[in-house]
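Heads up, the thing below is written out as structure tokens.
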Amino acid sequence: MTVRRSVVRGTGSYLPSRVLTNDELSTLVDTSNEWIVQRSGIRERHIAAEGEYTSDLATNAARAALDNAGIDAAEIDMVLLATATPDHTFPATAVMVQEQLGIAHGCAYDLQAVCSGFVFALSNADAMLRAGHARKALVIGAETFSRILDWQDRTTCVLFGDGAGAVVLEAVDGEGAADDRGVLSSRLRSDGRHLDKLYVDGGPSTTGTAGHLRMQGREVFRHAVGMVSDVIDGALTDAGVEADAIDWFVPHQANKRIIDATARKFGWPIEKVVVTVDKHGNTSAASIPLALDIANRDGRLQPGNLVMIEAMGGGFTWGAALLRW
Ligand code: UT7
């Protein structure tokens with residue numbers, strides 16, 4: 001049976017040039033390189049320059065992805081941008097990216113699922129392509145979390161960074177089998193009983209300000225591995241694929257200990273795990289497409305490989321998707 005599949009044609013990413021190290025942070029708040037590395041695995045992160053916005057990061061990543069795919073911007077008929085740090089309350093940052101790329105047809109919109117944003121956006125784009133609403137989509141994760149951090153709060157400001165990643169998806173006909181290329185399955189979840197564990201204390205309808213990120217880190221940590229394991233299991237079951245068939249695990253990059261524990265649970269050795277958290281910190285919705293681009297460009301991701309992505313974040317939201325590269 002012919003089934004439409006969303007196949008990754010190219011990847012791209014962008015990191016602001018300014019690198020903020022743990023040692024530099026320890027001059028701002030009461031912390032140390034040792035504490036940050038031991039608890040999170042983070043060594044440095046990138047910070048957007050003054051006047052450099054989420055739309056700029058996203059557009060740079062999108063251009064790199066189009067270039068990598070060998071696809072002209074004019075062929076793109078959907079731009080889906082996952083972000084919790086849009087340039088403005090509206091219009092959607094995706095429309096700004098669309099405009100900067102010179103695209104005036106198709107649709108562009110933002111999707112907000114915080115750190116799970118890219119998994120939600122990929123699943124959403126896949127559904128749109130499969131339903132025939134678009135043929136070629138740019139799916140982007142882009143964030144400037146540095147703008148919503150409380151730089152006096154050592155429990156959060158050491159963990160996050162800025163960046164963007166993008167993939168170009170194209171709708172192609174597959175056989176409906178697990179050896180098709182493209183997105184094979186995805187599972188998305190949310191549970192608002194955990195709203196107070198990770199949130200921003202402002203917004204257009206409440207304070208009229210952007211607000212600052214607040215997190216009960218230990219509580220998030222406690223739920224993370226179990227929640228992402230559930231959706232990984234679900235994505236494997238839906239595709240009829242066993243865990244040991246996975247070639248690459250590309251998790252959300254929040255904490256190396258969460259990544260290691262999840263990989264261990266599924267029996268994936270560290271050589272099969274793409275890790276960027278040491279260099280990027282937690283870039284929220286940007287972390288997975290950034291990691292995909294790095295592993296794609298250095299030759300780890302090869303056509304035909306089975307790739308599992310997963311994320312969990314504010315809400316809580318969490319999700320996983322299985323792709324054949
Ligand atoms: O993207 C998805 C959302 N985010 C996450 O996935 C984050 C999930 N959580 C985590 O990654 C970890 O919980 C953290 C890295 C945030 C914290 O690690 P932890 O092992 O859970 O540490 P903790 O929060 O239990 O704090 C341990 C101690 C505390 O001191 P006391 O109460 O034991 O005296 C903290 O006050 O470390 C202290 N502490 C710090 N010390 C030095 C907290 N932040 C810092 C800091 N530097 N930056």
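Ordered as shown in the structure tokens, chains take letters A, B, and onward, while each chain numbers its residues from 1 and ligands are numbered from 1 in the order shown.
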Quick one: residues within 7 Å of ligand 1, with only C-alpha atoms and all ligand atoms, as an NGL selection string? :A and (30-32 or 35-36 or 39-40 or 115 or 154-156 or 158 or 217-221 or 224 or 254-255 or 282 or 284 or 312-314)
Test item: residues at most 10 Å from stretch 200-203 of chain A, only C-alpha atoms, excluding those fewer than 3 positions along its chain, as a list in words: Ala84, Thr89, Ile148, Leu149, Asp196, Thr206, Thr207, Gly208, Thr209, Ala210, Gly211, His212, Leu213, Arg214, Met215 and Gly314 of chain A
Create the file for the chosen residues now, containing C-alpha atoms and written as a PDB file, in the first residue's frame.
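What follows is the written file result_36.pdb:
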```pdb
ATOM      1  CA  ALA A  84       9.125  29.616  23.181  1.00  0.00           C
ATOM      2  CA  THR A  89       3.956  38.291  20.670  1.00  0.00           C
ATOM      3  CA  ILE A 148      14.168  35.088  29.453  1.00  0.00           C
ATOM      4  CA  LEU A 149      16.760  33.921  31.979  1.00  0.00           C
ATOM      5  CA  ASP A 196       4.327  24.968  38.056  1.00  0.00           C
ATOM      6  CA  THR A 206      -0.792  38.384  32.485  1.00  0.00           C
ATOM      7  CA  THR A 207       2.025  40.800  33.268  1.00  0.00           C
ATOM      8  CA  GLY A 208       2.410  42.333  29.843  1.00  0.00           C
ATOM      9  CA  THR A 209       6.115  41.521  30.061  1.00  0.00           C
ATOM     10  CA  ALA A 210       8.131  38.594  28.708  1.00  0.00           C
ATOM     11  CA  GLY A 211       8.942  37.308  32.221  1.00  0.00           C
ATOM     12  CA  HIS A 212      11.684  34.994  33.427  1.00  0.00           C
ATOM     13  CA  LEU A 213      12.131  31.236  33.391  1.00  0.00           C
ATOM     14  CA  ARG A 214      11.455  29.459  36.702  1.00  0.00           C
ATOM     15  CA  MET A 215      12.219  25.802  37.260  1.00  0.00           C
ATOM     16  CA  GLY A 314       7.584  22.822  30.308  1.00  0.00           C
TER      17      GLY A 314
END
```
Report as a ChimeraX atom specification all protein, DNA and RNA residues lying within 7 Å of stretch 185-190 of chain A, evaluated on only C-alpha atoms, omitting residues in the same chain fewer than 6 positions from it. /A:120,123,231,234-235,238-239,315-322
Per-residue nearest contacts of stretch 27-70 of chain A to stretch 293-309 of chain A (10 Å; only C-alpha atoms) as CSV:
```
residue,atom,partner,partner_atom,distance
A:Ala61,CA,A:Asp293,CA,9.5
A:Ala64,CA,A:Asp293,CA,9.6
A:Ala65,CA,A:Asp293,CA,8.4
A:Asn68,CA,A:Arg297,CA,9.0
```
Expected file: the selected residues, all heavy atoms, as a CSV table (one decimal), in the first residue's frame:
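Result saved to result.csv:
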```csv
chain,number,residue,atom,x,y,z
A,61,ALA,N,19.7,29.2,10.1
A,61,ALA,CA,19.6,27.7,10.1
A,61,ALA,C,18.8,27.2,8.9
A,61,ALA,O,19.2,26.2,8.3
A,61,ALA,CB,18.9,27.2,11.4
A,64,ALA,N,20.9,27.3,5.7
A,64,ALA,CA,21.9,26.2,5.7
A,64,ALA,C,21.2,24.9,5.4
A,64,ALA,O,21.7,24.1,4.6
A,64,ALA,CB,22.5,26.1,7.1
A,65,ALA,N,20.0,24.7,5.9
A,65,ALA,CA,19.2,23.4,5.6
A,65,ALA,C,18.8,23.4,4.1
A,65,ALA,O,18.9,22.3,3.5
A,65,ALA,CB,18.0,23.3,6.5
A,68,ASN,N,21.9,22.6,2.1
A,68,ASN,CA,22.3,21.2,2.3
A,68,ASN,C,21.4,20.3,1.5
A,68,ASN,O,21.8,19.2,1.0
A,68,ASN,CB,22.2,20.9,3.8
A,68,ASN,CG,22.6,19.4,4.1
A,68,ASN,OD1,21.9,18.6,4.6
A,68,ASN,ND2,23.9,19.2,4.0
```
Report the residues of stretch 59-217 of chain A whose backbone DSSP state falls under strand (DSSP E), written as a ChimeraX atom specification. /A:78-82,107-111,136-144,162-174,182-190,198-200,213-215
Contacts of A:Ala108 at 7 Å (only C-alpha atoms; same-chain gap of 5+ positions) as a list in words: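 My list of contacting residues is Met78, Val79, Leu80, Ala94, Val95 and Gln98 of chain A.
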Just N, CA, C and O atoms for this one: save the residues we selected as an mmCIF file, in the first residue's frame.
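part01.cif written:
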```
data_model
loop_
_atom_site.group_PDB
_atom_site.id
_atom_site.type_symbol
_atom_site.label_atom_id
_atom_site.label_comp_id
_atom_site.auth_asym_id
_atom_site.auth_seq_id
_atom_site.Cartn_x
_atom_site.Cartn_y
_atom_site.Cartn_z
ATOM 1 N N MET A 78 5.692 25.327 3.266
ATOM 2 C CA MET A 78 5.293 25.416 4.681
ATOM 3 C C MET A 78 6.530 25.676 5.547
ATOM 4 O O MET A 78 7.556 25.009 5.388
ATOM 5 N N VAL A 79 6.407 26.654 6.438
ATOM 6 C CA VAL A 79 7.478 26.932 7.404
ATOM 7 C C VAL A 79 6.875 26.778 8.799
ATOM 8 O O VAL A 79 5.955 27.513 9.169
ATOM 9 N N LEU A 80 7.376 25.801 9.524
ATOM 10 C CA LEU A 80 6.854 25.536 10.863
ATOM 11 C C LEU A 80 7.999 25.773 11.846
ATOM 12 O O LEU A 80 9.045 25.132 11.743
ATOM 13 N N ALA A 94 7.741 32.510 12.503
ATOM 14 C CA ALA A 94 7.813 31.727 11.256
ATOM 15 C C ALA A 94 7.505 32.585 10.033
ATOM 16 O O ALA A 94 8.101 32.399 8.965
ATOM 17 N N VAL A 95 6.589 33.536 10.195
ATOM 18 C CA VAL A 95 6.227 34.397 9.062
ATOM 19 C C VAL A 95 7.389 35.354 8.753
ATOM 20 O O VAL A 95 7.646 35.684 7.588
ATOM 21 N N GLN A 98 9.814 33.266 6.859
ATOM 22 C CA GLN A 98 9.271 33.084 5.510
ATOM 23 C C GLN A 98 9.587 34.327 4.656
ATOM 24 O O GLN A 98 10.063 34.218 3.520
#
```
Go ahead and compute the interatomic distance for atom CA of A:Thr237 and atom CA of A:His133, in Å to one decimal.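 These atoms are spaced 27.1 Å apart.
In this comparison, which uses only C-alpha atoms, the residue of A:Ala127, A:Met227, A:Ala142, A:Arg193 approaching A:Thr83 most closely is A:Ala142.
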I need the helix (DSSP H, G or I) residues of stretch 24-178 of chain A per DSSP on the backbone, written as JSON, numbers by chain. {"A": [24, 25, 33, 34, 35, 36, 37, 38, 39, 40, 54, 55, 56, 57, 58, 59, 60, 61, 62, 63, 64, 65, 66, 67, 68, 69, 73, 74, 75, 93, 94, 95, 96, 97, 98, 99, 100, 114, 115, 116, 117, 118, 119, 120, 121, 122, 123, 124, 125, 126, 127, 128, 129, 130, 145, 146, 147, 148, 154, 155, 156, 157]}
In Å, with one decimal, what is the gap from atom CA of A:Asp278 to atom CA of A:Gln38?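 We find that atom CA of A:Asp278 and atom CA of A:Gln38 lie 11.0 Å from each other.
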Point out the residue among A:Cys157, A:Leu169, A:Ser26, A:Val19 with the least atom-to-atom distance to A:Ile71, counting only C-alpha atoms.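 Between A:Cys157, A:Leu169, A:Ser26, A:Val19, the residue approaching A:Ile71 most closely is A:Leu169.
You can rank A:Ala104, A:Ala74, A:Val241, A:Met1 by their closest distance to A:Arg135 using only C-alpha atoms, and at the top of that list sits A:Ala74.
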Taking only C-alpha atoms into account, which of A:Ala263, A:Ala178, A:Val139, A:Ile258 comes nearest A:Asp244?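 Among the listed residues, the smallest separation from A:Asp244 belongs to A:Ala263.
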Separation of atom CA of A:Ser116 and atom CA of A:Gly161, in Å?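 Interatomic distance, atom CA of A:Ser116 to atom CA of A:Gly161: 15.6 Å.
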So that I can see what lies close to A:Pro269, please list as a ChimeraX atom specification the residues with an atom at most 12 Å from it, counting only C-alpha atoms and leaving out residues fewer than 5 positions away in the same chain. /A:243-244,246-249,259-264,274
Keeping only all heavy atoms, write the selected residues to a file as a JSON list (two decimals), in the first residue's frame.
```json
[["chain", "number", "residue", "atom", "x", "y", "z"],
["A", 243, "ALA", "N", 13.99, -1.86, 19.85],
["A", 243, "ALA", "CA", 14.95, -0.85, 20.32],
["A", 243, "ALA", "C", 16.36, -1.11, 19.77],
["A", 243, "ALA", "O", 17.09, -0.17, 19.44],
["A", 243, "ALA", "CB", 14.98, -0.82, 21.84],
["A", 244, "ASP", "N", 16.73, -2.39, 19.65],
["A", 244, "ASP", "CA", 18.11, -2.66, 19.23],
["A", 244, "ASP", "C", 18.35, -2.40, 17.73],
["A", 244, "ASP", "O", 19.48, -2.48, 17.26],
["A", 244, "ASP", "CB", 18.58, -4.07, 19.65],
["A", 244, "ASP", "CG", 17.74, -5.17, 19.02],
["A", 244, "ASP", "OD1", 16.91, -4.86, 18.15],
["A", 244, "ASP", "OD2", 17.92, -6.34, 19.41],
["A", 246, "ILE", "N", 17.75, 0.54, 16.49],
["A", 246, "ILE", "CA", 18.03, 1.99, 16.38],
["A", 246, "ILE", "C", 19.53, 2.22, 16.11],
["A", 246, "ILE", "O", 20.39, 1.67, 16.79],
["A", 246, "ILE", "CB", 17.62, 2.71, 17.69],
["A", 246, "ILE", "CG1", 16.11, 2.59, 17.91],
["A", 246, "ILE", "CG2", 18.06, 4.17, 17.71],
["A", 246, "ILE", "CD1", 15.24, 3.21, 16.83],
["A", 247, "ASP", "N", 19.82, 3.02, 15.09],
["A", 247, "ASP", "CA", 21.21, 3.36, 14.77],
["A", 247, "ASP", "C", 21.69, 4.57, 15.55],
["A", 247, "ASP", "O", 22.85, 4.62, 15.97],
["A", 247, "ASP", "CB", 21.36, 3.64, 13.27],
["A", 247, "ASP", "CG", 21.06, 2.41, 12.44],
["A", 247, "ASP", "OD1", 21.81, 1.43, 12.56],
["A", 247, "ASP", "OD2", 20.05, 2.41, 11.69],
["A", 248, "TRP", "N", 20.81, 5.58, 15.70],
["A", 248, "TRP", "CA", 21.20, 6.81, 16.39],
["A", 248, "TRP", "C", 20.10, 7.30, 17.30],
["A", 248, "TRP", "O", 18.94, 7.39, 16.90],
["A", 248, "TRP", "CB", 21.54, 7.92, 15.36],
["A", 248, "TRP", "CG", 22.75, 7.57, 14.57],
["A", 248, "TRP", "CD1", 22.78, 7.13, 13.29],
["A", 248, "TRP", "CD2", 24.10, 7.58, 15.03],
["A", 248, "TRP", "NE1", 24.08, 6.86, 12.92],
["A", 248, "TRP", "CE2", 24.91, 7.14, 13.96],
["A", 248, "TRP", "CE3", 24.71, 7.92, 16.25],
["A", 248, "TRP", "CZ2", 26.29, 7.02, 14.08],
["A", 248, "TRP", "CZ3", 26.08, 7.82, 16.36],
["A", 248, "TRP", "CH2", 26.86, 7.38, 15.29],
["A", 249, "PHE", "N", 20.49, 7.64, 18.51],
["A", 249, "PHE", "CA", 19.59, 8.25, 19.47],
["A", 249, "PHE", "C", 19.97, 9.73, 19.55],
["A", 249, "PHE", "O", 21.10, 10.06, 19.91],
["A", 249, "PHE", "CB", 19.75, 7.56, 20.83],
["A", 249, "PHE", "CG", 18.91, 8.13, 21.94],
["A", 249, "PHE", "CD1", 17.57, 8.47, 21.74],
["A", 249, "PHE", "CD2", 19.45, 8.30, 23.21],
["A", 249, "PHE", "CE1", 16.80, 8.98, 22.78],
["A", 249, "PHE", "CE2", 18.68, 8.80, 24.26],
["A", 249, "PHE", "CZ", 17.36, 9.14, 24.04],
["A", 259, "ILE", "N", 20.16, 12.05, 29.58],
["A", 259, "ILE", "CA", 20.47, 11.38, 28.30],
["A", 259, "ILE", "C", 21.05, 10.00, 28.56],
["A", 259, "ILE", "O", 20.59, 9.01, 27.98],
["A", 259, "ILE", "CB", 21.46, 12.24, 27.47],
["A", 259, "ILE", "CG1", 20.81, 13.57, 27.05],
["A", 259, "ILE", "CG2", 21.99, 11.46, 26.25],
["A", 259, "ILE", "CD1", 21.76, 14.57, 26.39],
["A", 260, "ASP", "N", 22.03, 9.92, 29.45],
["A", 260, "ASP", "CA", 22.69, 8.63, 29.74],
["A", 260, "ASP", "C", 21.71, 7.61, 30.31],
["A", 260, "ASP", "O", 21.70, 6.44, 29.92],
["A", 260, "ASP", "CB", 23.85, 8.82, 30.73],
["A", 260, "ASP", "CG", 25.03, 9.55, 30.10],
["A", 260, "ASP", "OD1", 25.07, 9.65, 28.85],
["A", 260, "ASP", "OD2", 25.91, 10.02, 30.85],
["A", 261, "ALA", "N", 20.86, 8.08, 31.25],
["A", 261, "ALA", "CA", 19.92, 7.16, 31.90],
["A", 261, "ALA", "C", 18.91, 6.63, 30.88],
["A", 261, "ALA", "O", 18.55, 5.44, 30.90],
["A", 261, "ALA", "CB", 19.21, 7.86, 33.05],
["A", 262, "THR", "N", 18.45, 7.48, 29.97],
["A", 262, "THR", "CA", 17.48, 7.05, 28.95],
["A", 262, "THR", "C", 18.12, 6.05, 28.00],
["A", 262, "THR", "O", 17.55, 5.00, 27.68],
["A", 262, "THR", "CB", 16.92, 8.27, 28.19],
["A", 262, "THR", "OG1", 16.47, 9.24, 29.12],
["A", 262, "THR", "CG2", 15.78, 7.87, 27.27],
["A", 263, "ALA", "N", 19.32, 6.38, 27.54],
["A", 263, "ALA", "CA", 20.03, 5.48, 26.60],
["A", 263, "ALA", "C", 20.27, 4.12, 27.25],
["A", 263, "ALA", "O", 20.07, 3.08, 26.62],
["A", 263, "ALA", "CB", 21.35, 6.12, 26.16],
["A", 264, "ARG", "N", 20.67, 4.15, 28.52],
["A", 264, "ARG", "CA", 20.92, 2.90, 29.26],
["A", 264, "ARG", "C", 19.66, 2.03, 29.31],
["A", 264, "ARG", "O", 19.71, 0.83, 29.11],
["A", 264, "ARG", "CB", 21.36, 3.23, 30.69],
["A", 264, "ARG", "CG", 22.75, 2.71, 31.01],
["A", 264, "ARG", "CD", 23.17, 2.81, 32.46],
["A", 264, "ARG", "NE", 22.49, 3.77, 33.29],
["A", 264, "ARG", "CZ", 22.93, 5.00, 33.54],
["A", 264, "ARG", "NH1", 24.04, 5.45, 32.98],
["A", 264, "ARG", "NH2", 22.26, 5.81, 34.35],
["A", 274, "VAL", "N", 23.92, 10.93, 20.09],
["A", 274, "VAL", "CA", 24.48, 12.22, 19.66],
["A", 274, "VAL", "C", 24.34, 13.19, 20.83],
["A", 274, "VAL", "O", 23.23, 13.48, 21.29],
["A", 274, "VAL", "CB", 23.76, 12.75, 18.40],
["A", 274, "VAL", "CG1", 24.32, 14.12, 18.01],
["A", 274, "VAL", "CG2", 23.89, 11.75, 17.25]]
```
Which neighbours of A:Glu50 fall inside 12 Å, counting only C-alpha atoms, when residues of the same chain fewer than 4 positions from it are skipped, and could you give them as an MDAnalysis selection string? chainID A and resid 16:18 54 56 144 146:147
Go through A:Gln216, A:Ser13, A:Ser6, A:Ser55 and flag the residue nearest A:Asp110, using only C-alpha atoms for the distances. A:Ser55
Which one of A:Phe90, A:Arg257, A:Val167, A:Leu20 sits closest to A:Pro204 if you count only C-alpha atoms?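 That would be A:Phe90, the residue with the smallest distance to A:Pro204.
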